Structure formats: structure tokens, C-alpha cells
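Dropping my_file18.csv in here (CSV, C-alpha atoms and all ligand atoms):
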chain,number,residue,atom,x,y,z
A,281,MET,CA,131.8,-55.4,-139.1
A,282,SER,CA,129.4,-54.9,-136.2
A,283,LYS,CA,127.0,-57.8,-135.7
A,284,ARG,CA,124.1,-58.1,-133.3
A,285,ILE,CA,121.4,-60.7,-132.7
A,286,TYR,CA,118.3,-59.7,-130.6
A,287,TYR,CA,116.3,-62.6,-129.4
A,288,PHE,CA,113.1,-63.1,-127.5
A,289,SER,CA,112.6,-66.5,-125.8
A,290,GLY,CA,110.4,-68.0,-123.2
A,291,THR,CA,111.6,-71.6,-123.1
A,292,GLY,CA,114.9,-71.4,-124.8
A,293,ASN,CA,114.2,-72.6,-128.4
A,294,SER,CA,114.9,-69.1,-129.9
A,295,LEU,CA,117.8,-68.6,-127.6
A,296,LYS,CA,119.4,-71.8,-128.7
A,297,ALA,CA,119.0,-70.8,-132.4
A,298,ALA,CA,120.5,-67.3,-131.6
A,299,LYS,CA,123.4,-68.7,-129.7
A,300,ASP,CA,124.3,-71.4,-132.2
A,301,LEU,CA,124.1,-69.0,-135.0
A,302,ALA,CA,126.2,-66.3,-133.2
A,303,ALA,CA,128.9,-68.9,-132.6
A,304,LEU,CA,129.1,-69.6,-136.3
A,305,MET,CA,129.0,-65.9,-137.3
A,306,GLY,CA,131.7,-64.9,-134.8
A,307,ASP,CA,132.2,-61.4,-133.3
A,308,THR,CA,128.5,-61.2,-132.5
A,309,VAL,CA,126.7,-59.9,-129.5
A,310,VAL,CA,123.5,-61.6,-128.6
A,311,LYS,CA,121.0,-59.6,-126.5
A,312,ARG,CA,117.7,-60.7,-125.0
A,313,ILE,CA,114.7,-58.5,-125.7
A,314,VAL,CA,113.2,-57.7,-122.3
A,315,ASN,CA,110.9,-55.1,-120.9
A,316,ASN,CA,111.9,-51.5,-121.8
A,317,LEU,CA,115.0,-52.5,-123.8
A,318,LYS,CA,115.9,-49.5,-125.9
A,319,GLU,CA,118.8,-49.9,-128.4
A,320,ASP,CA,120.5,-47.6,-130.8
A,321,ALA,CA,121.3,-50.1,-133.5
A,322,ALA,CA,122.2,-47.6,-136.2
A,323,SER,CA,125.9,-48.5,-136.2
A,324,HIS,CA,125.4,-52.3,-136.8
A,325,ASP,CA,126.0,-53.8,-140.2
A,326,ILE,CA,124.1,-57.0,-139.5
A,327,ILE,CA,121.1,-57.4,-137.3
A,328,GLY,CA,119.2,-60.6,-136.6
A,329,ILE,CA,115.8,-60.8,-134.9
A,330,VAL,CA,115.1,-64.2,-133.5
A,331,PHE,CA,111.7,-64.9,-131.9
A,332,PRO,CA,109.0,-67.5,-131.3
A,333,VAL,CA,105.8,-67.2,-133.3
A,334,TYR,CA,102.8,-66.3,-131.1
A,335,TYR,CA,99.3,-66.6,-132.5
A,336,TYR,CA,100.7,-66.6,-136.1
A,337,GLY,CA,102.5,-63.3,-135.4
A,338,LEU,CA,105.2,-61.5,-133.5
A,339,PRO,CA,105.4,-61.5,-129.7
A,340,LYS,CA,104.1,-58.0,-128.6
A,341,MET,CA,107.4,-57.2,-127.1
A,342,VAL,CA,109.3,-58.0,-130.3
A,343,LYS,CA,106.9,-55.9,-132.3
A,344,GLU,CA,107.3,-52.9,-130.0
A,345,PHE,CA,111.1,-53.4,-129.8
A,346,VAL,CA,111.5,-53.4,-133.6
A,347,GLU,CA,109.2,-50.4,-133.9
A,348,GLY,CA,111.5,-48.4,-131.6
A,349,LEU,CA,114.7,-49.6,-133.2
A,350,ASP,CA,117.0,-47.2,-135.1
A,351,ILE,CA,118.6,-49.2,-138.0
A,352,SER,CA,120.8,-47.9,-140.8
A,353,LEU,CA,119.3,-48.1,-144.3
A,354,ASP,CA,122.0,-50.4,-145.6
A,355,CYS,CA,122.0,-52.8,-142.7
A,356,TYR,CA,121.6,-56.5,-143.5
A,357,VAL,CA,118.6,-57.5,-141.4
A,358,PHE,CA,117.5,-61.1,-141.1
A,359,ALA,CA,114.9,-62.9,-139.0
A,360,ILE,CA,114.5,-66.4,-137.6
A,361,ALA,CA,111.1,-67.5,-136.4
A,362,THR,CA,111.0,-70.6,-134.2
A,363,CYS,CA,107.5,-72.2,-134.2
A,364,GLY,CA,105.5,-75.4,-133.6
A,365,GLY,CA,104.3,-75.5,-137.1
A,366,SER,CA,103.3,-72.2,-138.8
A,367,VAL,CA,104.7,-68.7,-138.9
A,368,GLY,CA,101.4,-67.3,-140.3
A,369,ALA,CA,101.8,-63.6,-140.8
A,370,ALA,CA,104.9,-63.1,-138.6
A,371,PHE,CA,107.5,-62.3,-141.2
A,372,ARG,CA,105.1,-60.1,-143.2
A,373,GLN,CA,104.4,-58.2,-140.0
A,374,LEU,CA,108.1,-57.7,-139.3
A,375,GLN,CA,108.7,-56.7,-142.9
A,376,ASP,CA,106.0,-54.1,-142.7
A,377,ILE,CA,107.5,-52.5,-139.6
A,378,LEU,CA,111.0,-52.4,-141.2
A,379,GLU,CA,109.6,-50.9,-144.3
A,380,THR,CA,108.2,-47.9,-142.4
A,381,LYS,CA,111.9,-47.2,-141.6
A,382,GLY,CA,113.0,-47.6,-145.2
A,383,VAL,CA,114.8,-50.8,-144.2
A,384,SER,CA,114.4,-54.2,-146.0
A,385,LEU,CA,114.1,-57.6,-144.3
A,386,SER,CA,117.1,-59.2,-146.2
A,387,SER,CA,116.4,-62.8,-145.3
A,388,SER,CA,114.0,-64.8,-143.1
A,389,TYR,CA,114.1,-68.4,-141.9
A,390,LYS,CA,111.5,-70.6,-140.2
A,391,ILE,CA,112.7,-73.3,-137.8
A,392,LYS,CA,110.2,-75.9,-136.5
A,393,MET,CA,110.8,-76.6,-132.8
A,394,PRO,CA,108.9,-78.3,-130.0
A,395,ASP,CA,105.7,-76.5,-129.5
A,396,ASN,CA,105.6,-74.9,-126.0
A,397,TYR,CA,102.0,-73.8,-125.9
A,398,GLN,CA,101.5,-75.4,-122.6
A,399,LEU,CA,98.0,-73.9,-122.1
A,400,MET,CA,96.7,-76.3,-124.8
A,401,TYR,CA,99.2,-79.0,-125.5
A,402,SER,CA,101.6,-81.4,-123.8
A,403,PRO,CA,105.2,-81.1,-125.2
A,404,PRO,CA,106.3,-83.6,-127.9
A,405,SER,CA,107.9,-86.8,-126.8
A,406,PRO,CA,111.7,-86.7,-126.0
A,407,GLU,CA,112.4,-88.6,-129.3
A,408,LYS,CA,110.4,-86.1,-131.3
A,409,GLN,CA,112.2,-83.2,-129.5
A,410,GLN,CA,115.6,-84.7,-130.5
A,411,GLN,CA,114.5,-84.9,-134.1
A,412,HIS,CA,113.7,-81.2,-133.9
A,413,PHE,CA,117.1,-80.4,-132.4
A,414,LYS,CA,119.0,-82.3,-135.1
A,415,LEU,CA,117.1,-80.5,-137.8
A,416,GLN,CA,117.6,-77.2,-136.1
A,417,GLU,CA,121.4,-77.7,-136.0
A,418,GLU,CA,121.4,-78.3,-139.8
A,419,LYS,CA,119.2,-75.3,-140.5
A,420,ILE,CA,121.4,-73.1,-138.4
A,421,ARG,CA,124.5,-74.1,-140.4
A,422,GLU,CA,122.6,-73.2,-143.6
A,423,ILE,CA,121.5,-69.9,-142.1
A,424,ALA,CA,125.1,-69.0,-141.0
A,425,ARG,CA,126.3,-69.6,-144.6
A,426,SER,CA,123.7,-67.2,-146.0
A,427,VAL,CA,124.1,-64.5,-143.3
A,428,ASN,CA,127.9,-64.6,-143.5
A,429,ASN,CA,127.7,-64.1,-147.2
A,430,LEU,CA,125.0,-61.4,-146.8
A,431,THR,CA,122.8,-63.4,-149.1
A,432,PRO,CA,119.3,-62.0,-149.6
A,433,SER,CA,116.3,-64.4,-149.8
A,434,ALA,CA,112.6,-64.2,-150.6
A,435,LEU,CA,110.4,-63.8,-147.5
A,436,ALA,CA,109.9,-67.3,-145.9
A,437,ASP,CA,106.3,-66.6,-146.0
A,438,GLU,CA,103.3,-68.9,-146.0
A,439,GLY,CA,100.3,-68.9,-148.3
A,440,ALA,CA,97.7,-66.2,-148.4
A,441,ILE,CA,95.1,-68.3,-146.6
A,442,LYS,CA,97.4,-68.9,-143.6
A,443,ARG,CA,98.4,-65.3,-143.5
A,444,TYR,CA,94.7,-64.2,-143.7
A,445,PHE,CA,93.6,-66.5,-140.8
A,446,GLY,CA,96.9,-65.7,-139.0
A,447,SER,CA,96.1,-62.0,-139.0
A,448,LYS,CA,92.6,-62.7,-137.7
A,449,LEU,CA,93.9,-64.9,-134.9
A,450,TYR,CA,96.6,-62.4,-134.0
A,451,LYS,CA,93.9,-59.7,-133.4
A,452,ALA,CA,92.7,-62.0,-130.6
A,453,PHE,CA,96.1,-62.2,-129.0
A,454,LYS,CA,95.9,-60.2,-125.9
A,455,PRO,CA,98.5,-61.8,-123.6
A,456,TYR,CA,98.3,-59.2,-120.8
A,457,LYS,CA,94.7,-60.3,-120.2
A,458,LYS,CA,95.8,-63.8,-119.5
A,459,ALA,CA,98.1,-63.1,-116.6
A,460,SER,CA,95.3,-63.4,-114.1
A,461,GLY,CA,95.0,-67.1,-114.9
A,462,PHE,CA,98.4,-68.1,-113.3
A,463,TRP,CA,98.6,-69.5,-109.8
A,464,THR,CA,100.9,-71.8,-107.8
A,465,ASP,CA,100.0,-75.0,-106.1
A,466,GLU,CA,101.3,-76.4,-102.8
A,467,ARG,CA,104.7,-77.3,-104.3
A,468,CYS,CA,105.9,-73.7,-104.6
A,469,ASN,CA,108.9,-73.2,-102.4
A,470,GLY,CA,109.4,-69.5,-103.1
A,471,CYS,CA,112.6,-70.0,-105.1
A,472,GLY,CA,111.8,-66.9,-107.3
A,473,ILE,CA,112.9,-68.5,-110.6
A,474,CYS,CA,109.6,-67.4,-112.2
A,475,GLU,CA,110.4,-63.8,-111.2
A,476,ARG,CA,113.9,-63.9,-112.6
A,477,VAL,CA,113.1,-65.6,-115.9
A,478,CYS,CA,110.2,-63.3,-116.9
A,479,PRO,CA,111.2,-61.0,-119.8
A,480,ALA,CA,108.4,-58.6,-119.0
A,481,ASP,CA,109.2,-58.0,-115.4
A,482,ASN,CA,105.7,-59.1,-114.7
A,483,VAL,CA,106.2,-61.6,-111.9
A,484,ASN,CA,107.0,-60.2,-108.4
A,485,MET,CA,107.6,-62.2,-105.3
A,486,LYS,CA,105.5,-61.2,-102.3
A,487,GLU,CA,105.7,-63.1,-99.0
A,488,ASN,CA,107.7,-65.8,-100.9
A,489,LYS,CA,105.0,-66.3,-103.5
A,490,PRO,CA,104.8,-65.1,-107.1
A,491,CYS,CA,102.2,-62.5,-108.1
A,492,TRP,CA,101.5,-61.8,-111.7
A,493,GLY,CA,100.9,-58.2,-113.0
A,494,SER,CA,99.3,-57.1,-116.2
A,495,LYS,CA,102.3,-56.9,-118.6
A,496,CYS,CA,102.3,-60.6,-119.4
A,497,GLU,CA,103.7,-61.7,-122.8
A,498,LEU,CA,102.4,-65.3,-122.4
A,499,CYS,CA,105.9,-66.7,-123.1
A,500,LEU,CA,105.2,-69.2,-120.3
A,501,ALA,CA,108.7,-69.0,-119.0
A,502,CYS,CA,107.4,-68.8,-115.4
A,503,MET,CA,105.5,-72.0,-115.8
A,504,GLN,CA,107.9,-74.0,-117.9
A,505,TRP,CA,111.0,-73.3,-115.9
A,506,CYS,CA,109.5,-73.7,-112.4
A,507,PRO,CA,111.7,-76.5,-110.9
A,508,GLN,CA,108.7,-77.8,-108.9
A,509,SER,CA,106.2,-77.6,-111.8
A,510,SER,CA,104.1,-75.7,-109.3
A,511,VAL,CA,103.0,-72.8,-111.6
A,512,GLN,CA,99.6,-73.6,-113.1
A,513,TYR,CA,97.3,-71.9,-115.6
A,514,LYS,CA,93.6,-72.1,-114.6
A,515,LYS,CA,92.6,-75.7,-114.4
A,516,GLY,CA,94.2,-77.1,-117.6
A,517,THR,CA,97.9,-77.6,-116.8
A,518,LYS,CA,98.0,-79.7,-113.6
A,519,GLY,CA,99.6,-83.0,-114.5
A,520,ARG,CA,100.7,-81.9,-118.0
A,521,ALA,CA,104.5,-82.3,-118.6
A,522,ARG,CA,106.6,-79.1,-118.8
A,523,TYR,CA,109.0,-78.1,-121.6
A,524,HIS,CA,112.1,-76.0,-121.9
A,525,HIS,CA,115.0,-76.5,-124.2
A,526,PRO,CA,117.2,-79.2,-122.5
A,527,TYR,CA,120.5,-77.7,-123.7
A,528,ILE,CA,119.7,-74.2,-122.4
A,529,LYS,CA,120.4,-73.4,-118.7
A,530,VAL,CA,117.9,-71.2,-117.0
A,531,SER,CA,120.8,-68.8,-116.0
A,532,GLU,CA,121.4,-68.1,-119.7
A,533,LEU,CA,118.0,-66.4,-119.8
A,534,TYR,CA,118.8,-64.2,-116.8
A,535,ASN,CA,122.1,-63.2,-118.4
A,536,ASN,CA,120.6,-60.8,-120.9
A,537,GLN,CA,123.7,-60.4,-123.0
A,538,ILE,CA,126.3,-62.9,-124.4
A,539,SER,CA,129.2,-62.1,-126.7
A,540,TYR,CA,130.7,-64.6,-129.2
A,541,LYS,CA,134.2,-64.2,-130.6
A,601,LIG,C1,101.4,-67.9,-126.6
A,601,LIG,C2,102.0,-68.8,-127.6
A,601,LIG,C3,101.5,-68.8,-128.9
A,601,LIG,C4,102.0,-69.7,-129.9
A,601,LIG,N1,101.6,-69.6,-131.2
A,601,LIG,C5,102.1,-70.3,-132.2
A,601,LIG,C6,101.7,-70.2,-133.5
A,601,LIG,O1,100.8,-69.4,-133.9
A,601,LIG,N2,102.3,-71.0,-134.4
A,601,LIG,C7,103.2,-71.9,-134.1
A,601,LIG,O2,103.7,-72.6,-135.0
A,601,LIG,N3,103.7,-72.1,-132.8
A,601,LIG,C8,103.2,-71.3,-131.8
A,601,LIG,N4,103.6,-71.4,-130.6
A,601,LIG,C9,104.8,-72.3,-130.3
A,601,LIG,C10,106.1,-71.5,-130.2
A,601,LIG,O3,106.2,-70.5,-131.2
A,601,LIG,C11,107.3,-72.4,-130.3
A,601,LIG,O4,107.3,-73.5,-129.4
A,601,LIG,C12,108.6,-71.6,-130.1
A,601,LIG,O5,109.7,-72.4,-130.6
A,601,LIG,C13,108.9,-71.3,-128.6
A,601,LIG,O6,110.1,-70.5,-128.5
A,601,LIG,P1,110.9,-70.2,-127.2
A,601,LIG,O7,111.3,-71.5,-126.6
A,601,LIG,O8,112.1,-69.4,-127.7
A,601,LIG,O9,110.0,-69.4,-126.3
A,601,LIG,C14,103.1,-70.6,-129.5
A,601,LIG,C15,103.6,-70.6,-128.2
A,601,LIG,C16,103.0,-69.7,-127.3
A,601,LIG,C17,103.6,-69.8,-125.9
Can the structure from this file be put into C-alpha cells for me?
Amino acid sequence: MSKRIYYFSGTGNSLKAAKDLAALMGDTVVKRIVNNLKEDAASHDIIGIVFPVYYYGLPKMVKEFVEGLDISLDCYVFAIATCGGSVGAAFRQLQDILETKGVSLSSSYKIKMPDNYQLMYSPPSPEKQQQHFKLQEEKIREIARSVNNLTPSALADEGAIKRYFGSKLYKAFKPYKKASGFWTDERCNGCGICERVCPADNVNMKENKPCWGSKCELCLACMQWCPQSSVQYKKGTKGRARYHHPYIKVSELYNNQISYK
């Protein structure tokens, strides 16, 4: 049986979910969704899409990736959304894209994780983060049992009101317009991690300093993984603690493909 998990992740929450699940599924290749990733997935029997919720919907890159994906009609497709609180319309959006291909979303799962929306919030306390990680582990074991048995489930959707406001909010989600707000303070030492960690290939080093282009996904990887905490967004982030998943190494994000036996 051919099994693949595609994940998108800025700060590692979704990568951790994808990795842990793949280890329990066995024989699974885990691939990061990055700029211009084109895949022929028609030969896979199980496909998982793991992503963070952005503005109650899908990250733009995930939406475009799935729109371009060739999937066989009898493939078991499942989705995991990691989020700070609410998935809004994300699963519905994914289901609608798959339906245009004649494919069903066989099962979907929400996992609450530390909220990484650094532009507005500080990360949760370390104690609270640990509570999330413990619950995530339990949830992943449960998901592995369902996926390994190809169990279908009802859409892990939220009520109509959240979906309605979610769709409205998502219309305002224009991440590429935000990229001009990033800058580095005096602590930047030109290490280039921000460039390497960007899934959109939107950060380029010039004269040892990062420059942001117009393909931003707003995943905040550049800001959250900066070892000096020198990447800032406008005036709001100076002095605010950073977050990335403590059990994920930054090098795992550069390494776009991992195989699990
Ligand atoms: C641009 C942006 C928008 C977000 N919007 C939502 C949202 O609508 N609902 C929610 O519950 N969490 C939201 N979050 C929080 C993330 O979905 C959550 O922290 C996720 O686990 C991050 O995953 P990652 O570490 O794999 O990038 C948002 C985060 C970012 C950066």
C-alpha cells in the first residue's frame, strides 16, 4: 500500500503531527508543501494533508497544492488541521476542492496546538504548551488507528455560524500583502535561517540581510525560528516571546522529505 502525507508548517506543530502519525502508520513518506511543489499522487492509496488553519481556512499554498493534485478516485484521503482554537471553514474548503476531482475527504481531525499568530498574540506559557503536546500525542494515536483501518468519519466541521464568519474572514486573508511589514533589528547576524526555512522561497539574503518578496504565506517561520529573535513585524512584535515547536529541529523543515518504515 502506498502512503503519503503532505504537510505545510511554519512553526512545526503540523510537522510534529505529520511525523508522529507517519511513524505509527509505517511505510509512509512525509513531504513538505513548498513553493511550486507538483506531485502526481494518483498511485497512492492513502493521502494525508496536514496543515495549520489560517484565518479560518486553508493556507493559500495548501489550497493551490491540492487544487493541482492528481488523486485516484478510490484513494483514502484524510486531513488534519492544527489550530489555536477554531478550524472555521477549512475542512469544508478542502472537501469542496476534492469534490471537484470526484474524490471524497474520508476523514478529518482537528488538533488544538499552541497558537503561533505572533502578529497578535504572545505564545501560551510553557505549561500550557506541554498540555497541548500531551493531548496531541493521544489524538495522533487515535487518528493512526482510524487511518490504518481506513475508517471514514463525518467532517470534523464547526457550526454554521463559525463557518459563515470564517468564510468572511478568509476573504480578507491576503498574506502576500503583509510581507512588506517584516524587518530585522540590530541583532540580525545574517545567519540566513529565515531564508532557508521559508516554504514560499520569499526571503532572500542580500548583503547578509534578509529581504522579503511578495509571495509571503504568513506562516511566520522567518520570525519564529530566528535564533536572535531579530525578525520583527511592524511595531508590534518587539519584546514578544517567540514560538516554535520545541521537539522539532529547524533542520527538519529544510529537509523537505522524510520516509518512515
Ligand atoms: C496567519 C495565521 C493565521 C491563523 N489563523 C488561525 C485561525 O483562524 N484559527 C485558529 O484556531 N488558529 C489560527 N492560527 C494559529 C495556527 O493555526 C496554529 O498555531 C497552528 O498549529 C500552527 O501550525 P504550524 O506550527 O504547523 O505552522 C493562525 C496562525 C497564523 C500564523
Kindly list the centre and edge lengths in Å, rounded to one decimal, for the axis-aligned box that covers all listed atoms of stretch 413-429 of chain A plus 3 Å on each of its six sides, as AutoDock Vina command-line options.
--center_x 122.5 --center_y -73.2 --center_z -139.8 --size_x 16.8 --size_y 24.2 --size_z 20.8
For stretch 497-504 of chain A: contacts at 8 Å, all atoms listed in the file, fewer than 2 positions along chain excluded, given as a ChimeraX atom specification: /A:289-291,339-341,397-398,455-456,458-459,473-475,477-478,480,495,506,509-512,522-524
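In this model, the gap between atom CA of A:Tyr336 and atom CA of A:Ala436 comes to 13.5 Å.
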Nearest-residue call for ligand LIG 601 (chain A), choices A:Lys408, A:Lys454, A:Lys514, A:Arg476, using all atoms listed in the file: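 For ligand LIG 601 (chain A), the nearest of the given residues is A:Lys454.
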Among listed residues A:Met400, A:Ala424, A:Ala303, A:Val346, nearest ligand LIG 601 (chain A) (using only C-alpha atoms and all ligand atoms): A:Met400
Distance criterion (all atoms listed in the file): nearest to ligand LIG 601 (chain A) out of A:Tyr335, A:Tyr534, A:Tyr286, A:Trp505: A:Tyr335
Given all atoms listed in the file as the counted atoms, nearest of A:Leu385, A:Cys355, A:Ala440, A:Ile313 to ligand LIG 601 (chain A):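 Smallest distance to ligand LIG 601 (chain A) is found for A:Ile313.
The residue set within 10 Å of A:Asn469, counting all atoms listed in the file and dropping same-chain residues fewer than 3 places from it, reads A:Thr464, A:Asp465, A:Glu466, A:Gly472, A:Asn488, A:Lys489, A:Pro507, A:Gln508, A:Ser510.
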Could you turn the residues from that selection into a file that holds C-alpha atoms, as a short mmCIF file (atom, residue, chain, number, x, y, z; two decimals), in the frame of the given file?
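Once everything was written out, this is part.cif:
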data_model
loop_
_atom_site.label_atom_id
_atom_site.label_comp_id
_atom_site.auth_asym_id
_atom_site.auth_seq_id
_atom_site.Cartn_x
_atom_site.Cartn_y
_atom_site.Cartn_z
CA THR A 464 100.90 -71.80 -107.80
CA ASP A 465 100.00 -75.00 -106.10
CA GLU A 466 101.30 -76.40 -102.80
CA GLY A 472 111.80 -66.90 -107.30
CA ASN A 488 107.70 -65.80 -100.90
CA LYS A 489 105.00 -66.30 -103.50
CA PRO A 507 111.70 -76.50 -110.90
CA GLN A 508 108.70 -77.80 -108.90
CA SER A 510 104.10 -75.70 -109.30
#
Shell of 9 Å around A:Ser402, all atoms listed in the file, local chain residues under 6 positions omitted, as a VMD selection string: chain A and resid 395 to 396 517 520 to 523
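If only C-alpha atoms and all ligand atoms are the atoms counted, then among A:Ile423, A:Ile326, A:Cys496, A:Cys471 the closest residue to ligand LIG 601 (chain A) is A:Cys496.
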Surrounding residues of A:Gly328 excluding itself and chain neighbours under 5 positions, 10 Å, all atoms listed in the file, as a ChimeraX atom specification: /A:283-287,298,301-302,310,356-360,385-388,427
Residue with smallest distance to ligand LIG 601 (chain A) - pool A:Gly439, A:Gly446, A:Pro406, A:Gly348, counting only C-alpha atoms and all ligand atoms: A:Gly446
d(atom CA of A:Ile391, atom CA of A:Thr362) in Å: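 Taking atom CA of A:Ile391 and atom CA of A:Thr362, their separation equals 4.8 Å.
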Test item: residues at most 12 Å from A:Val383, all atoms listed in the file, excluding those fewer than 5 positions along its chain, as a ChimeraX atom specification: /A:322,327,346-347,349-358,374-378
Atom-to-atom span, atom CA of A:Gly519 and atom CA of A:Tyr450, Å: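 Taking atom CA of A:Gly519 as the start and atom CA of A:Tyr450 as the end point, the length is 28.5 Å.
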